[in-house]
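A.B. asks: Structure in structure tokens, see below.
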Amino acid sequence: MNIAPVPAHEQDRLMAIKEYFIPDNLPEADFSDINLIAAQICTVPIAVISVLDGSRYKIISITGANADSFSTQNDIELKTLATTPETLIINDWHDSGKYHSHTFQINNKQINFYAGTPIITPEGSIIGALSVMDYQAREISEVQVNTLQVLAKQVITQLELRKKNAKLEQTKQELKRSYVDLEKFSSIANHDLKSPLNNIISLTQLLKDYYGDKFDAEGNEYVAFLYESAYRLSDMVSAILNYSRTSQLSLEKKEEFDIEELIDDVRGLMKVPDNAIFKYNSDITNIVTSRNALKQILINLLHNAYEYNDKEQAIIEINVREDRTMWLFEVKDNGPGILPEDATKIFEIFERLHRKIKSGESMGIGLAIVKRLVEKLGGAIKVTSEPGQGASFEFSVPK
């Protein structure tokens, strides 16, 4: 019994085919245009795109016949043709030497002309061939051969695109699973970590209220330190959970909304005294993006602009404009400003330039959340500032 030879670098070749996610019944439409062009250019009735997957000769697209219409006395020819390293031309099957002794039929008719060029991966593995066939013996021109070779490259381009799309979909599904796991973790952490901390805070406060007069000065100092440490740790857990949830906010679908109404909502969530002045400067009313993600961005930027402000009257400006592809935002304040060497550092998690703020102690996470959300949305953020002259945070969001 004759056995087809094993192609060179077989394991690499099979791995390449596997990575292209080629199903057994690939719809012809995926590659039918390439087949049709090949048949028309070469003026033949049949064009085939095939791969040799292990011991299986797999037709992934065919024009001019049905995949089940192939008939051979044995399949050595097909397997050999599918992995020939150079363009192979058989002008007359009956006069082909090594092939003429075997029958090669389609639709019960003998194939007498064959021209096939290899399909080669970017790594150099030959996985199959783009072939044209005719029932009549014929010649093929150099231009037609060159066209076949170009079309074979288009086949591998299509397969590479299928591989990338499949991997992107796989990554997308993995991210979805990660978000589900993250949400479960957040829920557990919120309960299992914060509940004991809240108990410590409550019990420490009780110690202070009911037994404070029985402690000496040093004992009361320890109780106060314990209370502050537990309270700070609780805030830190909340901050980490908020940071971890930013990924889900940025994945929400885009929607159209009134930007001024959103800013009013943000201001309503903040406890801002009368000496703070907000200004909104823009002719833009409606924009399209993730509303909740933009809301979280503005909450953190406006919160920072007020909390760190060292002036008798805090002035905060929000400017919105657009270009062809982006919504462009600016949040500007008249606060203490930022040193140039700190312009990138402030966006790092737990980085605090000023520990104390009006409402307590800074956790150094607000601007890290802002940067993460902006970048997840596909935009960028930067700060320009001079010490004592306030700061301007500019960020972009794709339309």
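Simple scheme: letters A, B, ... for chains in structure tokens order, numbers from 1 for residues in each chain, numbers from 1 for ligands in the order shown.
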Need to verify the contact set: A:Lys167, 10 Å, only C-alpha atoms, exclusion of same-chain residues closer than 4 positions in sequence. Can you return it as a list of chain:residue names?

C.D. replies: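 Returned residues: A:Glu19, A:Tyr20, A:Phe21, A:Leu161, A:Arg162, A:Lys163, A:Thr171, A:Lys172, A:Gln173.
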
A.B. asks: Write down as a PyMOL selection string the residues belonging to stretch 87-235 of chain A that are assigned strand (DSSP E or B) by DSSP computed on the backbone.

C.D. replies: chain A and resi 88-90+104-106+109-110+113-120+126-134

A.B. asks: Could you turn the residues from that selection into a file that holds C-alpha atoms, as a PDB file, in the first residue's frame?

C.D. replies:
ATOM      1  CA  LEU A  88       3.150  23.126  -9.459  1.00  0.00           C
ATOM      2  CA  ILE A  89       1.798  23.010 -12.996  1.00  0.00           C
ATOM      3  CA  ILE A  90       0.582  19.860 -14.746  1.00  0.00           C
ATOM      4  CA  PHE A 104      -8.078  12.139 -10.497  1.00  0.00           C
ATOM      5  CA  GLN A 105     -11.744  12.817 -11.109  1.00  0.00           C
ATOM      6  CA  ILE A 106     -14.248  15.538 -10.277  1.00  0.00           C
ATOM      7  CA  LYS A 109     -14.749  13.329 -15.115  1.00  0.00           C
ATOM      8  CA  GLN A 110     -10.979  13.060 -15.373  1.00  0.00           C
ATOM      9  CA  PHE A 113      -4.928  20.178 -16.087  1.00  0.00           C
ATOM     10  CA  TYR A 114      -3.752  21.233 -12.635  1.00  0.00           C
ATOM     11  CA  ALA A 115      -1.985  24.351 -11.376  1.00  0.00           C
ATOM     12  CA  GLY A 116      -1.514  24.938  -7.659  1.00  0.00           C
ATOM     13  CA  THR A 117       0.460  27.414  -5.595  1.00  0.00           C
ATOM     14  CA  PRO A 118       1.247  26.813  -1.925  1.00  0.00           C
ATOM     15  CA  ILE A 119      -0.480  28.597   0.958  1.00  0.00           C
ATOM     16  CA  ILE A 120       2.389  29.568   3.248  1.00  0.00           C
ATOM     17  CA  ILE A 126       3.071  25.153   3.961  1.00  0.00           C
ATOM     18  CA  ILE A 127      -0.445  24.292   5.068  1.00  0.00           C
ATOM     19  CA  GLY A 128      -2.202  23.779   1.732  1.00  0.00           C
ATOM     20  CA  ALA A 129      -2.698  25.096  -1.774  1.00  0.00           C
ATOM     21  CA  LEU A 130      -4.800  27.301  -3.995  1.00  0.00           C
ATOM     22  CA  SER A 131      -5.429  25.177  -7.093  1.00  0.00           C
ATOM     23  CA  VAL A 132      -7.130  25.627 -10.457  1.00  0.00           C
ATOM     24  CA  MET A 133      -8.202  22.639 -12.579  1.00  0.00           C
ATOM     25  CA  ASP A 134      -9.694  21.780 -15.935  1.00  0.00           C
TER      26      ASP A 134
END

A.B. asks: Between atom CA of A:Ile381 and atom CA of A:Arg324, what is the distance in Å, rounded to a tenth?

C.D. replies: 17.9 Å

A.B. asks: I'd like to know which of A:Lys332, A:Arg56, A:Arg372, A:Arg321 is closest to A:Ser392, using only C-alpha atoms.

C.D. replies: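 Looking at the shortest contact to A:Ser392, the residue is A:Lys332.
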
A.B. asks: Using only C-alpha atoms, pick whichever of A:Ala224, A:Ala38, A:Thr84, A:Val237 has the shortest atom-to-atom distance to A:Val143.

C.D. replies: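 Selected residue with least distance to A:Val143: A:Ala38.
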
A.B. asks: Looking at only C-alpha atoms, which of A:Leu262, A:Glu139, A:Val145, A:Val155 is the one that sits closest to A:Ser50?

C.D. replies: A:Val155

A.B. asks: I want to know what sits within 7 Å of A:Asn112, based on only C-alpha atoms, with residues of the same chain fewer than 4 positions away left out; could you give that as a list in words?

C.D. replies: Asp92, Trp93, His94, Asp134, Tyr135, Gln136 and Ala137 of chain A

A.B. asks: So, counting only C-alpha atoms, which residue among A:Asp342, A:Asp216, A:Asp12, A:Glu394 is closest to A:Phe329?

C.D. replies: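 Between A:Asp342, A:Asp216, A:Asp12, A:Glu394, the residue approaching A:Phe329 most closely is A:Glu394.
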
A.B. asks: Tell me, as number ranges by chain, which residues lie within 9 Å of stretch 298-313 of chain A, counting only C-alpha atoms; anything in the same chain fewer than 2 positions away does not count.

C.D. replies: A: 263, 266-267, 269-270, 272, 274-277, 293-296, 315-316, 331-337, 354, 356-359, 366-367, 369-370, 390-391, 393

A.B. asks: Produce a file of the selected residues containing C-alpha atoms, as an mmCIF file, in the first residue's frame.

C.D. replies:
data_model
loop_
_atom_site.group_PDB
_atom_site.id
_atom_site.type_symbol
_atom_site.label_atom_id
_atom_site.label_comp_id
_atom_site.auth_asym_id
_atom_site.auth_seq_id
_atom_site.Cartn_x
_atom_site.Cartn_y
_atom_site.Cartn_z
ATOM 1 C CA ILE A 263 -22.424 67.982 35.401
ATOM 2 C CA VAL A 266 -22.105 65.408 39.671
ATOM 3 C CA ARG A 267 -22.355 68.696 41.556
ATOM 4 C CA LEU A 269 -23.408 64.473 44.702
ATOM 5 C CA MET A 270 -20.709 66.732 46.154
ATOM 6 C CA VAL A 272 -19.529 71.999 48.068
ATOM 7 C CA ASP A 274 -21.018 78.512 48.822
ATOM 8 C CA ASN A 275 -17.539 79.919 48.282
ATOM 9 C CA ALA A 276 -16.905 77.495 45.394
ATOM 10 C CA ILE A 277 -17.767 78.761 41.911
ATOM 11 C CA ALA A 293 -17.685 56.269 33.119
ATOM 12 C CA LEU A 294 -17.637 60.000 32.311
ATOM 13 C CA LYS A 295 -19.621 60.701 35.469
ATOM 14 C CA GLN A 296 -17.020 58.897 37.583
ATOM 15 C CA ILE A 315 -12.998 78.639 41.059
ATOM 16 C CA ILE A 316 -13.501 75.526 38.960
ATOM 17 C CA VAL A 331 -11.260 70.720 34.280
ATOM 18 C CA LYS A 332 -9.400 73.787 35.509
ATOM 19 C CA ASP A 333 -8.974 75.136 39.053
ATOM 20 C CA ASN A 334 -7.227 77.990 40.881
ATOM 21 C CA GLY A 335 -5.692 75.770 43.568
ATOM 22 C CA PRO A 336 -2.098 75.282 44.747
ATOM 23 C CA GLY A 337 -0.922 73.781 41.460
ATOM 24 C CA HIS A 354 -0.948 66.301 49.790
ATOM 25 C CA LYS A 356 -4.611 66.304 54.141
ATOM 26 C CA ILE A 357 -7.740 67.466 52.344
ATOM 27 C CA LYS A 358 -10.819 69.367 53.516
ATOM 28 C CA SER A 359 -12.803 66.204 54.232
ATOM 29 C CA GLY A 366 -8.965 59.357 42.654
ATOM 30 C CA LEU A 367 -6.672 60.381 39.802
ATOM 31 C CA ILE A 369 -9.254 55.915 38.704
ATOM 32 C CA VAL A 370 -9.589 58.857 36.314
ATOM 33 C CA GLY A 390 -3.855 76.151 39.738
ATOM 34 C CA ALA A 391 -4.007 73.091 37.504
ATOM 35 C CA PHE A 393 -6.628 68.519 33.597
#

A.B. asks: Rounded to one decimal place, report the atom CA of A:Asp235-atom CA of A:Ser195 distance in Å.

C.D. replies: 12.3 Å

A.B. asks: Show me, as a compact mmCIF listing (two decimals) with N, CA and C atoms, in the first residue's frame, the residues that have an atom within 7 Å of stretch 197-206 of chain A when counting only C-alpha atoms, minus same-chain residues fewer than 5 positions from it.

C.D. replies:
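Below is the file around08.txt, written as the result:
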# COMPACT_ATOMS: atom_id res chain seq x y z
N VAL A 223 -5.90 53.95 72.12
CA VAL A 223 -7.25 53.74 71.62
C VAL A 223 -7.51 54.62 70.39
N TYR A 227 -8.31 53.36 66.58
CA TYR A 227 -9.51 53.83 65.87
C TYR A 227 -9.12 54.42 64.51
N ALA A 230 -7.86 51.62 62.02
CA ALA A 230 -8.95 50.79 61.49
C ALA A 230 -9.80 51.58 60.50
N TYR A 231 -10.05 52.84 60.81
CA TYR A 231 -10.85 53.69 59.93
C TYR A 231 -10.11 53.91 58.60
N SER A 234 -10.22 50.71 56.52
CA SER A 234 -11.54 50.57 55.92
C SER A 234 -11.67 51.44 54.68
